[in-house]
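**Q** Let me begin by handing over the structure; questions about it come next.
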Amino acid sequence: MSHARTIRAPEDAPEGAPPAAVPTRWIWLAAWPVTAVFVLSNAATPLYVLWQRDIGFSKGTLTVVFAFYIVGLLGSLLVSGVLSDRFGRRPVLLPALALALAACGVFATADTVAALIAARLMTGVAVGAAVSAGMAAVTDVAGPSRRRLAALLASSAMVFGAGLGPLLSGVLSETLPAPTATVFAVEAVLLATAVVVVLRMPAGRPSGPAARSWIRVPRVPRGSGMRLVLGIAVFAPGITATSFVLSLGPSLLSGLLGTGNRIVAGGMAFVMFAAATGVQFAVQRLPRRAVLLAGAAATTAAMAALVGAVHGGSVAALAASAVLAGAGQGMGQLGGLSLLNSAVPPRRLAEANAAFNIGGYVPAGLLPVTAGYLSDAVGLTAGATLFAAALAALAATGGLVVLAARRRADGQDR
């Protein structure tokens, strides 16, 4: 058999078992669609100040616009994981990429709050497919012997894209014409390349029994429930912290620096997610539960730094809060995905990924919205302080849950 034939899965091969000769570069390439979709997920962040000025809406409305992304994502997760495990990764990813391209067009022409909500909703649906089918596709391409690498690349692809989006948006909107449109034209090109990757990547058809229903609350196989709980206990506070920085971080920066420079706002988001990416490569060889404990500690420290920033007027403390929040999300995400990848069979992996992300994104949607409206009522300083206290308590509780589980564990997951 020639090399040209060994790098592609035959059409009747079961998904999750591509040929062992699939080159490592395909694992990296399989992660690209996840990155491309997540670029869109946060590309609008630095532009909200422009839309607020041109359209006119409050910080509370801003967090509602942000939360509709969570609504779309959660709705997508209810079906995309099950559909991906039943029909394959490609039939779910291609429509998601098409929807992301449509969202680019809506964002680029948005002149009402309703248009922004529609674009965010469409983006959320696309992201839901990416975190279930897309991340499972990376594991499928990697094969059983490279599952830890697959978890690292899939998780890093998500946070790297999430950070690249606001950086691109900030730079392009400050330096080129049409500040609320240019970045979405660039993103459309990135999504088009992701379509090519999905069409060509080695992935076969799904194997195993089909799910009885297409729409259901995602779950994990029997025996994997504690792994899911441990991951969510740390991932949920981490991603909620980064969601807060994304939705209200530009307002905090404007208050502390007296500037609405979009490169600064986008740069802060990029640094946050660069920390989330880098920390995963730094801790990849540590025991999974140790990674989760470190993630809980980082999120707790991020909230302490946030309180210091808003009360002390410190930009350095705000930057530290963003970096620590990114590290908390990154480690919670990597630890949780690694636990699931180590035990869940390929035919249930997309659904397991969906369950994991639902557990994280529900508080990430609710708490920042609450903080936004609270900030409108009592001021940004008081609202951010109450949010930080609540989230620090949640992160500390997650760390205690992991610590208690680690003391009972016999080391088999390490």
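In the structure tokens, chains take the letters A, B, ... in the order shown, each chain's residues start at 1, and ligands count up from 1 in the order shown.
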Do a neighbour search on Trp51 in chain A at 9 Å with only C-alpha atoms, toss out local chain neighbours closer than 5 positions, and write the hits as a PyMOL selection string.

**A** chain A and resi 56-57+110-113+180

**Q** Hey, can you spit out that residue selection with N, CA and C atoms as a PDB file, in the first residue's frame?

**A**
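So out.pdb came out as:
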ATOM      1  N   GLY A  56     -26.404  52.616  20.637  1.00  0.00           N
ATOM      2  CA  GLY A  56     -26.843  53.115  21.928  1.00  0.00           C
ATOM      3  C   GLY A  56     -27.503  52.039  22.774  1.00  0.00           C
ATOM      4  N   PHE A  57     -26.742  51.424  23.694  1.00  0.00           N
ATOM      5  CA  PHE A  57     -27.321  50.459  24.631  1.00  0.00           C
ATOM      6  C   PHE A  57     -26.437  50.379  25.873  1.00  0.00           C
ATOM      7  N   ALA A 110     -24.299  44.860  10.769  1.00  0.00           N
ATOM      8  CA  ALA A 110     -25.208  45.085  11.902  1.00  0.00           C
ATOM      9  C   ALA A 110     -25.356  46.567  12.222  1.00  0.00           C
ATOM     10  N   ASP A 111     -26.613  47.019  12.366  1.00  0.00           N
ATOM     11  CA  ASP A 111     -26.863  48.398  12.789  1.00  0.00           C
ATOM     12  C   ASP A 111     -27.979  48.463  13.833  1.00  0.00           C
ATOM     13  N   THR A 112     -28.344  47.307  14.397  1.00  0.00           N
ATOM     14  CA  THR A 112     -29.345  47.249  15.464  1.00  0.00           C
ATOM     15  C   THR A 112     -28.906  46.213  16.499  1.00  0.00           C
ATOM     16  N   VAL A 113     -29.469  46.317  17.696  1.00  0.00           N
ATOM     17  CA  VAL A 113     -29.195  45.314  18.725  1.00  0.00           C
ATOM     18  C   VAL A 113     -29.702  43.951  18.273  1.00  0.00           C
ATOM     19  N   THR A 180     -16.004  47.983  11.895  1.00  0.00           N
ATOM     20  CA  THR A 180     -16.874  46.901  12.356  1.00  0.00           C
ATOM     21  C   THR A 180     -17.126  45.856  11.275  1.00  0.00           C
TER      22      THR A 180
END

**Q** So which residues touch Ala162 in chain A within 7 Å, counting only C-alpha atoms, skipping near sequence neighbours fewer than 2 positions away, as a ChimeraX atom specification?

**A** /A:38-39,41-42,158-160,164-165,273

**Q** Please run DSSP on the backbone and report, as number ranges by chain, all residues within range 163-233 of chain A that come out as alpha helix (DSSP H).

**A** A: 163-175, 182-200, 225-233

**Q** Write out as an NGL selection string which residues come within 8 Å of Ser321 in chain A when counting only C-alpha atoms, dropping same-chain ones fewer than 4 positions away.

**A** :A and (301-306 or 317 or 325)

**Q** Which neighbours of Val402 in chain A fall inside 8 Å, counting only C-alpha atoms, when residues of the same chain fewer than 2 positions from it are skipped, and could you give them as a PyMOL selection string?

**A** chain A and resi 230+233+289+292-293+398-400+404-406

**Q** When distances are computed from only C-alpha atoms, which of A:Val369, A:Ala382, A:Ala294, A:Leu172 shows the smallest separation from Phe66 in chain A?

**A**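 Using only C-alpha atoms, the shortest distance to Phe66 in chain A belongs to A:Val369.
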
**Q** Measure the distance from CA of Ala269 in chain A to CA of Ser169 in chain A in Å and round it to one decimal.

**A**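 Taking CA of Ala269 in chain A and CA of Ser169 in chain A, their separation equals 10.8 Å.
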
**Q** Name the closest residue to Leu149 in chain A among the candidates A:Ala98, A:Ala350, A:Met135, A:Val49; distances are taken between atoms, counting only C-alpha atoms.

**A** A:Met135

**Q** Could you name the residues that touch Val344 in chain A at 10 Å or less, counting only C-alpha atoms, but leaving out those on the same chain fewer than 3 positions away, as a PyMOL selection string?

**A** chain A and resi 220-224+227+339-341+347-353

**Q** I'd like the contact shell of range 80-82 of chain A - 12 Å cut-off, only C-alpha atoms, skipping same-chain residues fewer than 4 positions apart - returned as a tab-separated table (two decimals) with N, CA and C atoms, in the first residue's frame.

**A**
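See selection_2.tsv below for the written result:
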chain	number	residue	atom	x	y	z
A	72	GLY	N	-27.25	30.16	21.98
A	72	GLY	CA	-27.04	29.41	20.75
A	72	GLY	C	-26.13	28.22	20.96
A	73	LEU	N	-25.09	28.42	21.75
A	73	LEU	CA	-24.13	27.35	22.00
A	73	LEU	C	-24.79	26.19	22.75
A	74	LEU	N	-25.53	26.54	23.81
A	74	LEU	CA	-26.17	25.48	24.59
A	74	LEU	C	-27.21	24.72	23.77
A	75	GLY	N	-27.99	25.45	22.97
A	75	GLY	CA	-28.95	24.78	22.10
A	75	GLY	C	-28.27	23.86	21.11
A	76	SER	N	-27.14	24.30	20.58
A	76	SER	CA	-26.38	23.48	19.64
A	76	SER	C	-25.84	22.22	20.31
A	86	ARG	N	-23.59	10.01	15.80
A	86	ARG	CA	-24.46	9.15	15.00
A	86	ARG	C	-24.09	9.18	13.52
A	87	PHE	N	-23.85	10.37	12.98
A	87	PHE	CA	-23.63	10.51	11.53
A	87	PHE	C	-22.19	10.84	11.14
A	88	GLY	N	-21.36	11.20	12.10
A	88	GLY	CA	-19.99	11.54	11.78
A	88	GLY	C	-19.69	12.99	12.04
A	89	ARG	N	-18.40	13.32	12.08
A	89	ARG	CA	-17.97	14.68	12.40
A	89	ARG	C	-18.22	15.64	11.25
A	90	ARG	N	-17.92	15.20	10.04
A	90	ARG	CA	-18.01	16.09	8.88
A	90	ARG	C	-19.43	16.60	8.62
A	91	PRO	N	-20.48	15.77	8.68
A	91	PRO	CA	-21.83	16.27	8.44
A	91	PRO	C	-22.30	17.30	9.46
A	92	VAL	N	-21.67	17.38	10.61
A	92	VAL	CA	-22.00	18.39	11.60
A	92	VAL	C	-21.13	19.63	11.42
A	93	LEU	N	-19.86	19.42	11.12
A	93	LEU	CA	-18.93	20.55	11.03
A	93	LEU	C	-19.19	21.43	9.81
A	94	LEU	N	-19.52	20.83	8.68
A	94	LEU	CA	-19.70	21.65	7.47
A	94	LEU	C	-20.87	22.63	7.59
A	95	PRO	N	-22.06	22.21	8.06
A	95	PRO	CA	-23.13	23.20	8.27
A	95	PRO	C	-22.76	24.25	9.31
A	96	ALA	N	-22.01	23.84	10.33
A	96	ALA	CA	-21.59	24.81	11.35
A	96	ALA	C	-20.68	25.88	10.76
A	124	GLY	N	-22.92	31.19	18.34
A	124	GLY	CA	-23.01	30.19	19.40
A	124	GLY	C	-23.34	28.81	18.88
A	125	VAL	N	-24.25	28.74	17.91
A	125	VAL	CA	-24.60	27.45	17.32
A	125	VAL	C	-23.37	26.82	16.65
A	126	ALA	N	-22.62	27.63	15.91
A	126	ALA	CA	-21.42	27.12	15.24
A	126	ALA	C	-20.38	26.66	16.25
A	127	VAL	N	-20.21	27.42	17.31
A	127	VAL	CA	-19.23	27.05	18.33
A	127	VAL	C	-19.65	25.76	19.04
A	128	GLY	N	-20.95	25.58	19.28
A	128	GLY	CA	-21.42	24.35	19.90
A	128	GLY	C	-21.03	23.12	19.09
A	129	ALA	N	-21.12	23.23	17.78
A	129	ALA	CA	-20.70	22.12	16.92
A	129	ALA	C	-19.20	21.92	16.97
A	130	ALA	N	-18.46	23.04	17.06
A	130	ALA	CA	-17.00	22.94	17.08
A	130	ALA	C	-16.49	22.26	18.35
A	131	VAL	N	-17.10	22.58	19.49
A	131	VAL	CA	-16.59	21.99	20.73
A	131	VAL	C	-17.06	20.55	20.94
A	132	SER	N	-18.06	20.12	20.20
A	132	SER	CA	-18.48	18.71	20.30
A	132	SER	C	-17.89	17.91	19.14
A	133	ALA	N	-18.35	18.17	17.92
A	133	ALA	CA	-17.89	17.40	16.77
A	133	ALA	C	-16.44	17.73	16.41
A	134	GLY	N	-16.07	19.02	16.46
A	134	GLY	CA	-14.73	19.41	16.06
A	134	GLY	C	-13.65	18.86	16.97
A	135	MET	N	-13.87	18.96	18.28
A	135	MET	CA	-12.87	18.46	19.22
A	135	MET	C	-12.83	16.94	19.21
A	136	ALA	N	-13.97	16.30	19.00
A	136	ALA	CA	-13.97	14.84	18.87
A	136	ALA	C	-13.24	14.40	17.60
A	137	ALA	N	-13.34	15.20	16.54
A	137	ALA	CA	-12.65	14.86	15.30
A	137	ALA	C	-11.14	14.83	15.49
A	206	PRO	N	-19.29	6.94	11.56
A	206	PRO	CA	-19.39	6.59	12.98
A	206	PRO	C	-19.64	5.10	13.16
A	209	PRO	N	-23.68	1.67	18.35
A	209	PRO	CA	-25.13	1.86	18.28
A	209	PRO	C	-25.51	3.32	18.22
A	210	ALA	N	-26.53	3.64	17.46
A	210	ALA	CA	-26.99	5.02	17.34
A	210	ALA	C	-27.81	5.41	18.56
A	211	ALA	N	-27.77	6.70	18.86
A	211	ALA	CA	-28.58	7.21	19.97
A	211	ALA	C	-30.06	7.08	19.63
A	212	ARG	N	-30.87	6.83	20.66
A	212	ARG	CA	-32.30	6.65	20.42
A	212	ARG	C	-33.00	7.97	20.10
A	213	SER	N	-32.49	9.07	20.61
A	213	SER	CA	-33.09	10.37	20.35
A	213	SER	C	-32.04	11.34	19.84
A	214	TRP	N	-32.45	12.28	19.02
A	214	TRP	CA	-31.52	13.24	18.45
A	214	TRP	C	-31.33	14.46	19.34
A	215	ILE	N	-32.35	14.81	20.10
A	215	ILE	CA	-32.25	15.97	20.99
A	215	ILE	C	-32.40	15.48	22.42
A	216	ARG	N	-31.34	15.63	23.20
A	216	ARG	CA	-31.39	15.21	24.59
A	216	ARG	C	-30.26	15.91	25.34
A	217	VAL	N	-30.39	15.94	26.65
A	217	VAL	CA	-29.31	16.49	27.46
A	217	VAL	C	-28.11	15.56	27.33
A	218	PRO	N	-26.97	16.07	26.85
A	218	PRO	CA	-25.80	15.21	26.67
A	218	PRO	C	-25.37	14.56	27.97
A	219	ARG	N	-24.84	13.36	27.87
A	219	ARG	CA	-24.40	12.63	29.05
A	219	ARG	C	-23.14	11.85	28.71
A	220	VAL	N	-22.56	11.27	29.71
A	220	VAL	CA	-21.38	10.44	29.51
A	220	VAL	C	-21.74	8.99	29.82
A	346	PRO	N	-14.83	6.43	21.41
A	346	PRO	CA	-15.05	7.40	20.33
A	346	PRO	C	-16.50	7.58	19.95
A	347	ARG	N	-17.31	6.53	20.02
A	347	ARG	CA	-18.70	6.64	19.58
A	347	ARG	C	-19.54	7.50	20.52
A	348	ARG	N	-19.01	7.85	21.72
A	348	ARG	CA	-19.72	8.71	22.66
A	348	ARG	C	-18.95	9.99	22.97
A	349	LEU	N	-17.82	10.20	22.30
A	349	LEU	CA	-16.94	11.29	22.72
A	349	LEU	C	-17.51	12.67	22.43
A	350	ALA	N	-18.14	12.86	21.27
A	350	ALA	CA	-18.70	14.18	20.96
A	350	ALA	C	-19.80	14.54	21.95
A	351	GLU	N	-20.61	13.55	22.33
A	351	GLU	CA	-21.66	13.82	23.31
A	351	GLU	C	-21.05	14.15	24.67
A	352	ALA	N	-19.97	13.46	25.05
A	352	ALA	CA	-19.30	13.74	26.31
A	352	ALA	C	-18.70	15.16	26.30
A	353	ASN	N	-18.11	15.54	25.18
A	353	ASN	CA	-17.59	16.91	25.05
A	353	ASN	C	-18.71	17.93	25.20
A	354	ALA	N	-19.87	17.62	24.62
A	354	ALA	CA	-21.01	18.52	24.72
A	354	ALA	C	-21.46	18.66	26.18
A	355	ALA	N	-21.53	17.55	26.90
A	355	ALA	CA	-21.93	17.59	28.31
A	355	ALA	C	-20.96	18.43	29.13
A	356	PHE	N	-19.67	18.26	28.87
A	356	PHE	CA	-18.63	19.01	29.58
A	356	PHE	C	-18.79	20.51	29.33
A	357	ASN	N	-19.02	20.88	28.09
A	357	ASN	CA	-19.12	22.30	27.77
A	357	ASN	C	-20.43	22.92	28.26
A	358	ILE	N	-21.50	22.16	28.27
A	358	ILE	CA	-22.74	22.69	28.84
A	358	ILE	C	-22.53	23.04	30.31

**Q** Using only C-alpha atoms, which of the listed residues (A:Leu153, A:Ala115, A:Ala185, A:Ile239) sits closest to Val362 in chain A?

**A**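 Under the stated criterion, the closest residue is A:Ile239.
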
**Q** Mind checking which residues fall within 7 Å of Ala150 in chain A, counting only C-alpha atoms, ignoring those fewer than 6 positions away in the same chain, and posting them as JSON, numbers by chain?

**A** {"A": [27, 138, 139, 142]}

**Q** Can you measure CA of Val323 in chain A to CA of Val283 in chain A for me? One decimal in Å is fine.

**A** 15.7 Å

**Q** For CA of Gly278 in chain A and CA of Gly326 in chain A, quote the distance in Å rounded to one decimal.

**A** 9.6 Å

**Q** Would you please work out which residue, of A:Ala275, A:Ala103, A:Leu228, A:Ala316, is nearest to Leu121 in chain A when using only C-alpha atoms?

**A**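 The answer is A:Ala103, which sits nearest to Leu121 in chain A.
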